[in-house]
Amino acid sequence: ALEKSDEGFSRDHWKQFAELGLLALPFHEDFGGMNGNAVDTMLVMEAFGRGLVLEPYLATVVVAGHLIRDAGSDAHKEALLPAIAGGELMLALAHYEPGARYEVSRVNTAAKADGGGWKLSGAKAVVLGGGAADRLLVSASTGKGISLFLVDSKAAGVTVRSYVTQDGGRAAEVRLDNVAVGADALVGAKDAALPAIERALDYGIAAMCAESVGIMTALDEATLEYLKTRKQFGQPIGRFQALQHRMVDMVIATEQSRSMAMMAAVKADSNDAAERRRAISAAKSYIAQQARFVGQQAVQLHGGMGVVDELNVSHYFKRLTMIELAFGNTDYHLRELAKGGGLITAAA
């Protein structure tokens, strides 16, 4: 029902997240936060995966929130982080562009100095949570590097086209046509936003790894219950050894993925960008492969019911498929891992 609503999620749920402190989790207590780390976020995202949560927690708190926390000035933090923590403000990172193919450093959107401020022009693709965002964090080329700007989603020249993704979530296409912003819209130093963007995306990937584990666990439980209750030839199908073997393989894949998700969460807080990137890419590529296996087995073992909308197995599998494509697919992260020398480098 929420999936088919105008916004695609529940504002009441968002208020409850604020009351529980979930929206304040990764921020410093000086800005209304709870001083949480990536492991704390992992626990939340795993639970969200089990519940197929539609609210834009990943977009607002994990990705955009970490960007403000790590790159914003004290003025930005004071103005934005308490509002996020209180459930009053939603943000989204508008970074990836058509044709970029996951290359984080490829930005064609341009920002030109205009008097005391800036004018932004360009297009952004698949902005997660973009339709619900009150403000957008827009990356743009500023001559010698990439800079980050805070832009009101309803400002003159901003066009946001929200749409439903295959898993029932929401993303948006964003166009900027000579959008005027003030000097205070610049987040962090000019030409130096790329490392902060990469780190925020790493936090996002680690969070999605945890979400995948939550989904895989839910699929294991649903499939096991089905094998115990579905009868064929006068007995539960779970008594057939071939199906028992497949069930065991699903559980092993899930537990191995859990270990990788834990590693990704621990390394997400590392200041060593190369070490962090290796761990994140290793976790993303490995978990995506195991998630595909678990999803396929769950569908197969449920038979024809595994693909119908009335059974949540199909919705879990759709979400796993979308996670595999977000922020770099399996092939992309395997290449990145190879470029970095593998998870355990020769030097290490």
# chains A, B, ... in the order shown; residues from 1 in each chain; ligands from 1
>>> residues_around(residues="Asn35 of chain A", least_positions_apart="6", cutoff="8 Å", atoms="only C-alpha atoms", output="list in words")
Leu25, Pro26, Phe27, His28 and Glu29 of chain A
>>> select_by_dssp(residues="segment 122-227 of chain A", states="strand (DSSP E or B)", output="PDB file with N, CA, C and O atoms, in the first residue's frame")
ATOM      1  N   GLY A 122      23.167  21.246 -15.322  1.00  0.00           N
ATOM      2  CA  GLY A 122      23.513  19.863 -15.613  1.00  0.00           C
ATOM      3  C   GLY A 122      22.361  18.925 -15.318  1.00  0.00           C
ATOM      4  O   GLY A 122      21.231  19.358 -15.065  1.00  0.00           O
ATOM      5  N   ALA A 123      22.643  17.634 -15.361  1.00  0.00           N
ATOM      6  CA  ALA A 123      21.617  16.615 -15.134  1.00  0.00           C
ATOM      7  C   ALA A 123      22.170  15.514 -14.242  1.00  0.00           C
ATOM      8  O   ALA A 123      23.333  15.122 -14.368  1.00  0.00           O
ATOM      9  N   LYS A 124      21.329  15.002 -13.363  1.00  0.00           N
ATOM     10  CA  LYS A 124      21.693  13.904 -12.463  1.00  0.00           C
ATOM     11  C   LYS A 124      20.690  12.768 -12.642  1.00  0.00           C
ATOM     12  O   LYS A 124      19.499  13.000 -12.861  1.00  0.00           O
ATOM     13  N   ALA A 125      21.185  11.534 -12.550  1.00  0.00           N
ATOM     14  CA  ALA A 125      20.347  10.363 -12.800  1.00  0.00           C
ATOM     15  C   ALA A 125      20.234   9.474 -11.568  1.00  0.00           C
ATOM     16  O   ALA A 125      21.156   9.390 -10.757  1.00  0.00           O
ATOM     17  N   VAL A 126      19.099   8.835 -11.436  1.00  0.00           N
ATOM     18  CA  VAL A 126      18.826   7.852 -10.379  1.00  0.00           C
ATOM     19  C   VAL A 126      19.231   8.397  -9.003  1.00  0.00           C
ATOM     20  O   VAL A 126      20.046   7.813  -8.292  1.00  0.00           O
ATOM     21  N   VAL A 127      18.652   9.526  -8.647  1.00  0.00           N
ATOM     22  CA  VAL A 127      18.906  10.148  -7.346  1.00  0.00           C
ATOM     23  C   VAL A 127      17.999   9.466  -6.328  1.00  0.00           C
ATOM     24  O   VAL A 127      16.785   9.690  -6.306  1.00  0.00           O
ATOM     25  N   LEU A 128      18.567   8.601  -5.495  1.00  0.00           N
ATOM     26  CA  LEU A 128      17.769   7.863  -4.522  1.00  0.00           C
ATOM     27  C   LEU A 128      17.126   8.819  -3.528  1.00  0.00           C
ATOM     28  O   LEU A 128      17.796   9.664  -2.931  1.00  0.00           O
ATOM     29  N   ARG A 135      16.055  19.189   0.243  1.00  0.00           N
ATOM     30  CA  ARG A 135      17.245  19.794  -0.355  1.00  0.00           C
ATOM     31  C   ARG A 135      18.105  18.711  -0.990  1.00  0.00           C
ATOM     32  O   ARG A 135      18.084  17.556  -0.546  1.00  0.00           O
ATOM     33  N   LEU A 136      18.849  19.124  -1.994  1.00  0.00           N
ATOM     34  CA  LEU A 136      19.729  18.208  -2.703  1.00  0.00           C
ATOM     35  C   LEU A 136      21.177  18.614  -2.485  1.00  0.00           C
ATOM     36  O   LEU A 136      21.499  19.806  -2.475  1.00  0.00           O
ATOM     37  N   LEU A 137      22.039  17.616  -2.314  1.00  0.00           N
ATOM     38  CA  LEU A 137      23.478  17.856  -2.314  1.00  0.00           C
ATOM     39  C   LEU A 137      23.958  17.555  -3.726  1.00  0.00           C
ATOM     40  O   LEU A 137      24.006  16.392  -4.141  1.00  0.00           O
ATOM     41  N   VAL A 138      24.294  18.586  -4.470  1.00  0.00           N
ATOM     42  CA  VAL A 138      24.606  18.456  -5.892  1.00  0.00           C
ATOM     43  C   VAL A 138      26.115  18.588  -6.108  1.00  0.00           C
ATOM     44  O   VAL A 138      26.729  19.580  -5.692  1.00  0.00           O
ATOM     45  N   SER A 139      26.703  17.602  -6.762  1.00  0.00           N
ATOM     46  CA  SER A 139      28.123  17.677  -7.112  1.00  0.00           C
ATOM     47  C   SER A 139      28.254  18.365  -8.463  1.00  0.00           C
ATOM     48  O   SER A 139      27.445  18.153  -9.367  1.00  0.00           O
ATOM     49  N   ALA A 140      29.284  19.180  -8.600  1.00  0.00           N
ATOM     50  CA  ALA A 140      29.486  19.916  -9.849  1.00  0.00           C
ATOM     51  C   ALA A 140      30.958  20.215 -10.045  1.00  0.00           C
ATOM     52  O   ALA A 140      31.717  20.380  -9.079  1.00  0.00           O
ATOM     53  N   SER A 141      31.352  20.277 -11.301  1.00  0.00           N
ATOM     54  CA  SER A 141      32.724  20.630 -11.639  1.00  0.00           C
ATOM     55  C   SER A 141      32.914  22.133 -11.468  1.00  0.00           C
ATOM     56  O   SER A 141      32.104  22.930 -11.955  1.00  0.00           O
ATOM     57  N   ILE A 146      35.932  18.768  -8.186  1.00  0.00           N
ATOM     58  CA  ILE A 146      34.500  18.640  -7.931  1.00  0.00           C
ATOM     59  C   ILE A 146      34.165  19.311  -6.611  1.00  0.00           C
ATOM     60  O   ILE A 146      34.860  19.133  -5.609  1.00  0.00           O
ATOM     61  N   SER A 147      33.087  20.084  -6.639  1.00  0.00           N
ATOM     62  CA  SER A 147      32.605  20.745  -5.426  1.00  0.00           C
ATOM     63  C   SER A 147      31.182  20.282  -5.141  1.00  0.00           C
ATOM     64  O   SER A 147      30.514  19.701  -5.995  1.00  0.00           O
ATOM     65  N   LEU A 148      30.730  20.549  -3.940  1.00  0.00           N
ATOM     66  CA  LEU A 148      29.409  20.102  -3.502  1.00  0.00           C
ATOM     67  C   LEU A 148      28.585  21.310  -3.083  1.00  0.00           C
ATOM     68  O   LEU A 148      29.072  22.185  -2.355  1.00  0.00           O
ATOM     69  N   PHE A 149      27.322  21.327  -3.541  1.00  0.00           N
ATOM     70  CA  PHE A 149      26.453  22.465  -3.262  1.00  0.00           C
ATOM     71  C   PHE A 149      25.122  22.002  -2.677  1.00  0.00           C
ATOM     72  O   PHE A 149      24.570  20.973  -3.098  1.00  0.00           O
ATOM     73  N   LEU A 150      24.619  22.776  -1.734  1.00  0.00           N
ATOM     74  CA  LEU A 150      23.319  22.516  -1.135  1.00  0.00           C
ATOM     75  C   LEU A 150      22.278  23.312  -1.912  1.00  0.00           C
ATOM     76  O   LEU A 150      22.339  24.548  -1.973  1.00  0.00           O
ATOM     77  N   VAL A 151      21.322  22.613  -2.521  1.00  0.00           N
ATOM     78  CA  VAL A 151      20.345  23.246  -3.402  1.00  0.00           C
ATOM     79  C   VAL A 151      18.932  22.895  -2.944  1.00  0.00           C
ATOM     80  O   VAL A 151      18.618  21.720  -2.711  1.00  0.00           O
ATOM     81  N   ASP A 152      18.091  23.903  -2.832  1.00  0.00           N
ATOM     82  CA  ASP A 152      16.681  23.676  -2.509  1.00  0.00           C
ATOM     83  C   ASP A 152      16.018  22.955  -3.676  1.00  0.00           C
ATOM     84  O   ASP A 152      16.147  23.384  -4.828  1.00  0.00           O
ATOM     85  N   VAL A 158      15.309  24.182 -10.990  1.00  0.00           N
ATOM     86  CA  VAL A 158      15.462  22.782 -10.585  1.00  0.00           C
ATOM     87  C   VAL A 158      14.226  21.988 -10.999  1.00  0.00           C
ATOM     88  O   VAL A 158      13.100  22.363 -10.672  1.00  0.00           O
ATOM     89  N   THR A 159      14.435  20.916 -11.726  1.00  0.00           N
ATOM     90  CA  THR A 159      13.344  20.019 -12.109  1.00  0.00           C
ATOM     91  C   THR A 159      13.627  18.632 -11.551  1.00  0.00           C
ATOM     92  O   THR A 159      14.675  18.052 -11.821  1.00  0.00           O
ATOM     93  N   VAL A 160      12.697  18.119 -10.753  1.00  0.00           N
ATOM     94  CA  VAL A 160      12.847  16.801 -10.141  1.00  0.00           C
ATOM     95  C   VAL A 160      11.712  15.908 -10.642  1.00  0.00           C
ATOM     96  O   VAL A 160      10.536  16.200 -10.400  1.00  0.00           O
ATOM     97  N   ARG A 161      12.069  14.846 -11.343  1.00  0.00           N
ATOM     98  CA  ARG A 161      11.060  13.890 -11.838  1.00  0.00           C
ATOM     99  C   ARG A 161      11.230  12.580 -11.075  1.00  0.00           C
ATOM    100  O   ARG A 161      12.155  11.826 -11.314  1.00  0.00           O
ATOM    101  N   SER A 162      10.306  12.352 -10.144  1.00  0.00           N
ATOM    102  CA  SER A 162      10.374  11.148  -9.319  1.00  0.00           C
ATOM    103  C   SER A 162       9.684   9.980 -10.020  1.00  0.00           C
ATOM    104  O   SER A 162       8.726  10.175 -10.772  1.00  0.00           O
ATOM    105  N   TYR A 163      10.165   8.772  -9.782  1.00  0.00           N
ATOM    106  CA  TYR A 163       9.553   7.593 -10.381  1.00  0.00           C
ATOM    107  C   TYR A 163       9.769   6.381  -9.471  1.00  0.00           C
ATOM    108  O   TYR A 163      10.619   6.393  -8.578  1.00  0.00           O
ATOM    109  N   VAL A 164       8.978   5.335  -9.729  1.00  0.00           N
ATOM    110  CA  VAL A 164       9.050   4.107  -8.937  1.00  0.00           C
ATOM    111  C   VAL A 164      10.082   3.176  -9.554  1.00  0.00           C
ATOM    112  O   VAL A 164      10.087   2.950 -10.760  1.00  0.00           O
ATOM    113  N   ARG A 170      11.839   4.584  -4.566  1.00  0.00           N
ATOM    114  CA  ARG A 170      11.711   5.786  -5.385  1.00  0.00           C
ATOM    115  C   ARG A 170      13.087   6.374  -5.699  1.00  0.00           C
ATOM    116  O   ARG A 170      13.980   6.389  -4.852  1.00  0.00           O
ATOM    117  N   ALA A 171      13.235   6.839  -6.922  1.00  0.00           N
ATOM    118  CA  ALA A 171      14.418   7.576  -7.348  1.00  0.00           C
ATOM    119  C   ALA A 171      13.937   8.746  -8.198  1.00  0.00           C
ATOM    120  O   ALA A 171      12.740   8.887  -8.455  1.00  0.00           O
ATOM    121  N   ALA A 172      14.867   9.587  -8.647  1.00  0.00           N
ATOM    122  CA  ALA A 172      14.466  10.772  -9.414  1.00  0.00           C
ATOM    123  C   ALA A 172      15.544  11.156 -10.415  1.00  0.00           C
ATOM    124  O   ALA A 172      16.726  10.879 -10.213  1.00  0.00           O
ATOM    125  N   GLU A 173      15.094  11.767 -11.489  1.00  0.00           N
ATOM    126  CA  GLU A 173      15.983  12.427 -12.434  1.00  0.00           C
ATOM    127  C   GLU A 173      15.952  13.916 -12.100  1.00  0.00           C
ATOM    128  O   GLU A 173      14.874  14.481 -11.881  1.00  0.00           O
ATOM    129  N   VAL A 174      17.096  14.547 -12.043  1.00  0.00           N
ATOM    130  CA  VAL A 174      17.187  15.954 -11.643  1.00  0.00           C
ATOM    131  C   VAL A 174      17.877  16.749 -12.737  1.00  0.00           C
ATOM    132  O   VAL A 174      18.943  16.360 -13.221  1.00  0.00           O
ATOM    133  N   ARG A 175      17.262  17.854 -13.112  1.00  0.00           N
ATOM    134  CA  ARG A 175      17.873  18.795 -14.061  1.00  0.00           C
ATOM    135  C   ARG A 175      18.072  20.140 -13.375  1.00  0.00           C
ATOM    136  O   ARG A 175      17.220  20.594 -12.591  1.00  0.00           O
ATOM    137  N   LEU A 176      19.200  20.769 -13.685  1.00  0.00           N
ATOM    138  CA  LEU A 176      19.501  22.091 -13.148  1.00  0.00           C
ATOM    139  C   LEU A 176      19.801  23.027 -14.317  1.00  0.00           C
ATOM    140  O   LEU A 176      20.735  22.767 -15.079  1.00  0.00           O
ATOM    141  N   ASP A 177      19.021  24.067 -14.447  1.00  0.00           N
ATOM    142  CA  ASP A 177      19.178  25.033 -15.537  1.00  0.00           C
ATOM    143  C   ASP A 177      19.482  26.412 -14.950  1.00  0.00           C
ATOM    144  O   ASP A 177      18.573  27.124 -14.516  1.00  0.00           O
ATOM    145  N   ASN A 178      20.781  26.737 -14.910  1.00  0.00           N
ATOM    146  CA  ASN A 178      21.221  28.026 -14.362  1.00  0.00           C
ATOM    147  C   ASN A 178      20.624  28.292 -12.981  1.00  0.00           C
ATOM    148  O   ASN A 178      20.034  29.344 -12.723  1.00  0.00           O
ATOM    149  N   VAL A 179      20.761  27.313 -12.119  1.00  0.00           N
ATOM    150  CA  VAL A 179      20.226  27.431 -10.757  1.00  0.00           C
ATOM    151  C   VAL A 179      21.163  28.305  -9.928  1.00  0.00           C
ATOM    152  O   VAL A 179      22.345  27.988  -9.756  1.00  0.00           O
ATOM    153  N   ALA A 180      20.638  29.397  -9.415  1.00  0.00           N
ATOM    154  CA  ALA A 180      21.446  30.342  -8.646  1.00  0.00           C
ATOM    155  C   ALA A 180      21.451  29.958  -7.165  1.00  0.00           C
ATOM    156  O   ALA A 180      20.388  29.723  -6.573  1.00  0.00           O
ATOM    157  N   VAL A 181      22.642  29.850  -6.588  1.00  0.00           N
ATOM    158  CA  VAL A 181      22.789  29.583  -5.156  1.00  0.00           C
ATOM    159  C   VAL A 181      23.792  30.567  -4.579  1.00  0.00           C
ATOM    160  O   VAL A 181      24.647  31.100  -5.293  1.00  0.00           O
ATOM    161  N   LEU A 186      27.981  26.336  -0.831  1.00  0.00           N
ATOM    162  CA  LEU A 186      29.148  25.478  -1.031  1.00  0.00           C
ATOM    163  C   LEU A 186      29.425  24.679   0.248  1.00  0.00           C
ATOM    164  O   LEU A 186      29.629  25.238   1.311  1.00  0.00           O
ATOM    165  N   VAL A 187      29.417  23.345   0.108  1.00  0.00           N
ATOM    166  CA  VAL A 187      29.656  22.460   1.248  1.00  0.00           C
ATOM    167  C   VAL A 187      31.097  21.959   1.178  1.00  0.00           C
ATOM    168  O   VAL A 187      31.490  21.281   0.236  1.00  0.00           O
ATOM    169  N   ALA A 192      37.333  20.209  -3.838  1.00  0.00           N
ATOM    170  CA  ALA A 192      37.887  19.149  -2.985  1.00  0.00           C
ATOM    171  C   ALA A 192      36.826  18.209  -2.413  1.00  0.00           C
ATOM    172  O   ALA A 192      37.055  17.547  -1.400  1.00  0.00           O
TER     173      ALA A 192
END
>>> residues_around(residues="Ala206 of chain A", least_positions_apart="3", cutoff="10 Å", atoms="only C-alpha atoms", output="list in words")
Ala38, Val39, Thr41, Met42, Met45, Val62, Ala200, Leu201, Asp202, Tyr203, Cys209, Ala210, Glu211, Ser212, Met260, Ala261, Met262, Met263, Ala264, Ala265, Val266, Lys267, Ala268, Ala279, Ile280, Ser281, Ala283 and Lys284 of chain A
>>> write_last_selection(atoms="N, CA, C and O atoms", output="compact mmCIF listing (two decimals), in the first residue's frame")
# COMPACT_ATOMS: atom_id res chain seq x y z
N ALA A 38 29.52 3.04 11.99
CA ALA A 38 28.98 2.26 10.88
C ALA A 38 28.45 0.90 11.33
O ALA A 38 27.57 0.33 10.67
N VAL A 39 28.97 0.37 12.43
CA VAL A 39 28.45 -0.90 12.96
C VAL A 39 27.04 -0.70 13.50
O VAL A 39 26.16 -1.56 13.31
N THR A 41 24.93 1.52 12.38
CA THR A 41 24.11 1.64 11.18
C THR A 41 23.85 0.28 10.56
O THR A 41 22.75 0.01 10.05
N MET A 42 24.84 -0.60 10.60
CA MET A 42 24.68 -1.96 10.06
C MET A 42 23.51 -2.68 10.74
O MET A 42 22.70 -3.33 10.07
N MET A 45 20.23 -1.20 9.45
CA MET A 45 19.95 -1.54 8.06
C MET A 45 19.61 -3.01 7.89
O MET A 45 18.80 -3.38 7.02
N VAL A 62 22.25 8.05 5.90
CA VAL A 62 23.52 7.36 5.69
C VAL A 62 24.41 8.11 4.70
O VAL A 62 25.57 8.38 4.99
N ALA A 200 31.23 8.92 1.64
CA ALA A 200 29.79 8.83 1.90
C ALA A 200 29.17 7.66 1.13
O ALA A 200 28.32 6.93 1.66
N LEU A 201 29.60 7.46 -0.11
CA LEU A 201 29.11 6.33 -0.89
C LEU A 201 29.57 5.01 -0.30
O LEU A 201 28.84 4.02 -0.34
N ASP A 202 30.78 4.99 0.26
CA ASP A 202 31.25 3.77 0.93
C ASP A 202 30.37 3.44 2.14
O ASP A 202 30.05 2.27 2.39
N TYR A 203 29.98 4.47 2.89
CA TYR A 203 29.03 4.25 3.99
C TYR A 203 27.72 3.67 3.45
O TYR A 203 27.13 2.75 4.04
N CYS A 209 24.96 -3.50 2.13
CA CYS A 209 25.43 -4.87 2.39
C CYS A 209 24.68 -5.44 3.60
O CYS A 209 24.25 -6.60 3.59
N ALA A 210 24.53 -4.63 4.64
CA ALA A 210 23.80 -5.07 5.83
C ALA A 210 22.33 -5.30 5.52
O ALA A 210 21.72 -6.27 5.99
N GLU A 211 21.76 -4.42 4.70
CA GLU A 211 20.36 -4.60 4.30
C GLU A 211 20.18 -5.92 3.55
O GLU A 211 19.20 -6.64 3.75
N SER A 212 21.13 -6.23 2.68
CA SER A 212 21.07 -7.49 1.94
C SER A 212 21.07 -8.69 2.88
O SER A 212 20.32 -9.66 2.67
N MET A 260 31.06 -10.72 5.80
CA MET A 260 31.55 -9.68 4.90
C MET A 260 30.90 -8.33 5.21
O MET A 260 31.55 -7.28 5.14
N ALA A 261 29.63 -8.34 5.57
CA ALA A 261 28.95 -7.09 5.92
C ALA A 261 29.53 -6.49 7.19
O ALA A 261 29.66 -5.26 7.31
N MET A 262 29.88 -7.33 8.14
CA MET A 262 30.53 -6.85 9.37
C MET A 262 31.88 -6.21 9.06
O MET A 262 32.22 -5.15 9.59
N MET A 263 32.64 -6.87 8.19
CA MET A 263 33.94 -6.32 7.82
C MET A 263 33.77 -4.97 7.13
O MET A 263 34.49 -4.01 7.41
N ALA A 264 32.79 -4.87 6.22
CA ALA A 264 32.54 -3.61 5.52
C ALA A 264 32.18 -2.50 6.50
O ALA A 264 32.64 -1.36 6.37
N ALA A 265 31.35 -2.84 7.50
CA ALA A 265 30.95 -1.84 8.49
C ALA A 265 32.13 -1.36 9.32
O ALA A 265 32.28 -0.16 9.59
N VAL A 266 32.97 -2.29 9.73
CA VAL A 266 34.15 -1.92 10.53
C VAL A 266 35.10 -1.03 9.72
O VAL A 266 35.60 -0.01 10.20
N LYS A 267 35.33 -1.40 8.45
CA LYS A 267 36.27 -0.66 7.61
C LYS A 267 35.68 0.66 7.09
O LYS A 267 36.44 1.54 6.67
N ALA A 268 34.36 0.81 7.10
CA ALA A 268 33.74 2.03 6.59
C ALA A 268 34.18 3.26 7.39
O ALA A 268 34.20 4.38 6.86
N ALA A 279 37.92 -3.14 1.14
CA ALA A 279 36.95 -3.88 1.95
C ALA A 279 35.53 -3.70 1.44
O ALA A 279 34.75 -4.66 1.36
N ILE A 280 35.20 -2.45 1.09
CA ILE A 280 33.84 -2.16 0.62
C ILE A 280 33.58 -2.87 -0.70
O ILE A 280 32.51 -3.49 -0.90
N SER A 281 34.52 -2.81 -1.64
CA SER A 281 34.33 -3.46 -2.94
C SER A 281 34.26 -4.98 -2.79
O SER A 281 33.46 -5.64 -3.47
N ALA A 283 33.20 -6.66 -0.16
CA ALA A 283 31.91 -7.00 0.45
C ALA A 283 30.77 -6.86 -0.55
O ALA A 283 29.90 -7.73 -0.65
N LYS A 284 30.77 -5.75 -1.29
CA LYS A 284 29.68 -5.50 -2.24
C LYS A 284 29.62 -6.58 -3.31
O LYS A 284 28.55 -7.12 -3.62
>>> closest_residue(among="A:Ile197, A:Ala207, A:Val104, A:Leu93", to="Val44 of chain A", atoms="only C-alpha atoms")
A:Ala207
>>> residues_around(residues="Leu52 of chain A", least_positions_apart="4", cutoff="12 Å", atoms="only C-alpha atoms", output="tab-separated table (two decimals) with N, CA and C atoms, in the first residue's frame")
chain	number	residue	atom	x	y	z
A	2	LEU	N	1.92	1.26	0.81
A	2	LEU	CA	2.82	2.43	0.85
A	2	LEU	C	3.52	2.62	-0.49
A	3	GLU	N	3.88	1.50	-1.10
A	3	GLU	CA	4.56	1.54	-2.39
A	3	GLU	C	3.74	2.28	-3.44
A	9	PHE	N	6.23	6.11	0.71
A	9	PHE	CA	6.64	5.73	2.07
A	9	PHE	C	5.75	6.43	3.06
A	45	MET	N	20.23	-1.20	9.45
A	45	MET	CA	19.95	-1.54	8.06
A	45	MET	C	19.61	-3.01	7.89
A	46	GLU	N	20.19	-3.89	8.70
A	46	GLU	CA	19.83	-5.30	8.63
A	46	GLU	C	18.36	-5.49	9.01
A	47	ALA	N	17.94	-4.78	10.06
A	47	ALA	CA	16.53	-4.85	10.46
A	47	ALA	C	15.62	-4.25	9.38
A	48	PHE	N	16.07	-3.16	8.76
A	48	PHE	CA	15.28	-2.56	7.69
A	48	PHE	C	15.16	-3.50	6.50
A	56	PRO	N	13.31	6.72	3.05
A	56	PRO	CA	14.64	7.04	2.48
A	56	PRO	C	15.73	7.25	3.53
A	57	TYR	N	15.91	6.25	4.39
A	57	TYR	CA	16.93	6.33	5.43
A	57	TYR	C	18.33	6.31	4.82
A	167	ASP	N	11.95	-2.27	-7.44
A	167	ASP	CA	11.74	-2.87	-6.13
A	167	ASP	C	10.69	-2.15	-5.30
A	168	GLY	N	10.03	-1.15	-5.90
A	168	GLY	CA	9.01	-0.41	-5.17
A	168	GLY	C	9.52	0.83	-4.47
A	169	GLY	N	10.84	1.07	-4.53
A	169	GLY	CA	11.40	2.29	-3.96
A	169	GLY	C	11.20	3.47	-4.89
A	211	GLU	N	21.76	-4.42	4.70
A	211	GLU	CA	20.36	-4.60	4.30
A	211	GLU	C	20.18	-5.92	3.55
A	212	SER	N	21.13	-6.23	2.68
A	212	SER	CA	21.07	-7.49	1.94
A	212	SER	C	21.07	-8.69	2.88
A	213	VAL	N	21.90	-8.63	3.91
A	213	VAL	CA	21.96	-9.74	4.87
A	213	VAL	C	20.63	-9.90	5.58
A	214	GLY	N	20.00	-8.78	5.94
A	214	GLY	CA	18.68	-8.85	6.56
A	214	GLY	C	17.65	-9.51	5.65
A	215	ILE	N	17.70	-9.16	4.37
A	215	ILE	CA	16.77	-9.75	3.39
A	215	ILE	C	17.05	-11.24	3.22
A	216	MET	N	18.33	-11.59	3.10
A	216	MET	CA	18.69	-13.00	2.92
A	216	MET	C	18.25	-13.84	4.12
A	218	ALA	N	15.71	-13.20	6.09
A	218	ALA	CA	14.25	-13.33	5.99
A	218	ALA	C	13.86	-14.37	4.94
A	219	LEU	N	14.59	-14.41	3.82
A	219	LEU	CA	14.32	-15.41	2.79
A	219	LEU	C	14.61	-16.82	3.30
A	312	ASN	N	5.86	-12.23	-0.20
A	312	ASN	CA	6.95	-11.25	-0.08
A	312	ASN	C	8.30	-11.76	-0.56
A	313	VAL	N	8.41	-13.06	-0.86
A	313	VAL	CA	9.66	-13.59	-1.41
A	313	VAL	C	10.04	-12.84	-2.68
A	314	SER	N	9.08	-12.58	-3.55
A	314	SER	CA	9.37	-11.89	-4.81
A	314	SER	C	9.82	-10.46	-4.56
A	315	HIS	N	9.25	-9.81	-3.57
A	315	HIS	CA	9.64	-8.43	-3.26
A	315	HIS	C	11.05	-8.37	-2.67
A	316	TYR	N	11.38	-9.34	-1.84
A	316	TYR	CA	12.74	-9.42	-1.31
A	316	TYR	C	13.75	-9.60	-2.44
A	317	PHE	N	13.43	-10.47	-3.38
A	317	PHE	CA	14.35	-10.75	-4.49
A	317	PHE	C	14.52	-9.51	-5.37
A	318	LYS	N	13.44	-8.77	-5.60
A	318	LYS	CA	13.54	-7.54	-6.38
A	318	LYS	C	14.46	-6.53	-5.69
A	319	ARG	N	14.31	-6.42	-4.38
A	319	ARG	CA	15.15	-5.47	-3.64
A	319	ARG	C	16.62	-5.89	-3.70
A	320	LEU	N	16.91	-7.18	-3.57
A	320	LEU	CA	18.28	-7.65	-3.68
A	320	LEU	C	18.86	-7.33	-5.06
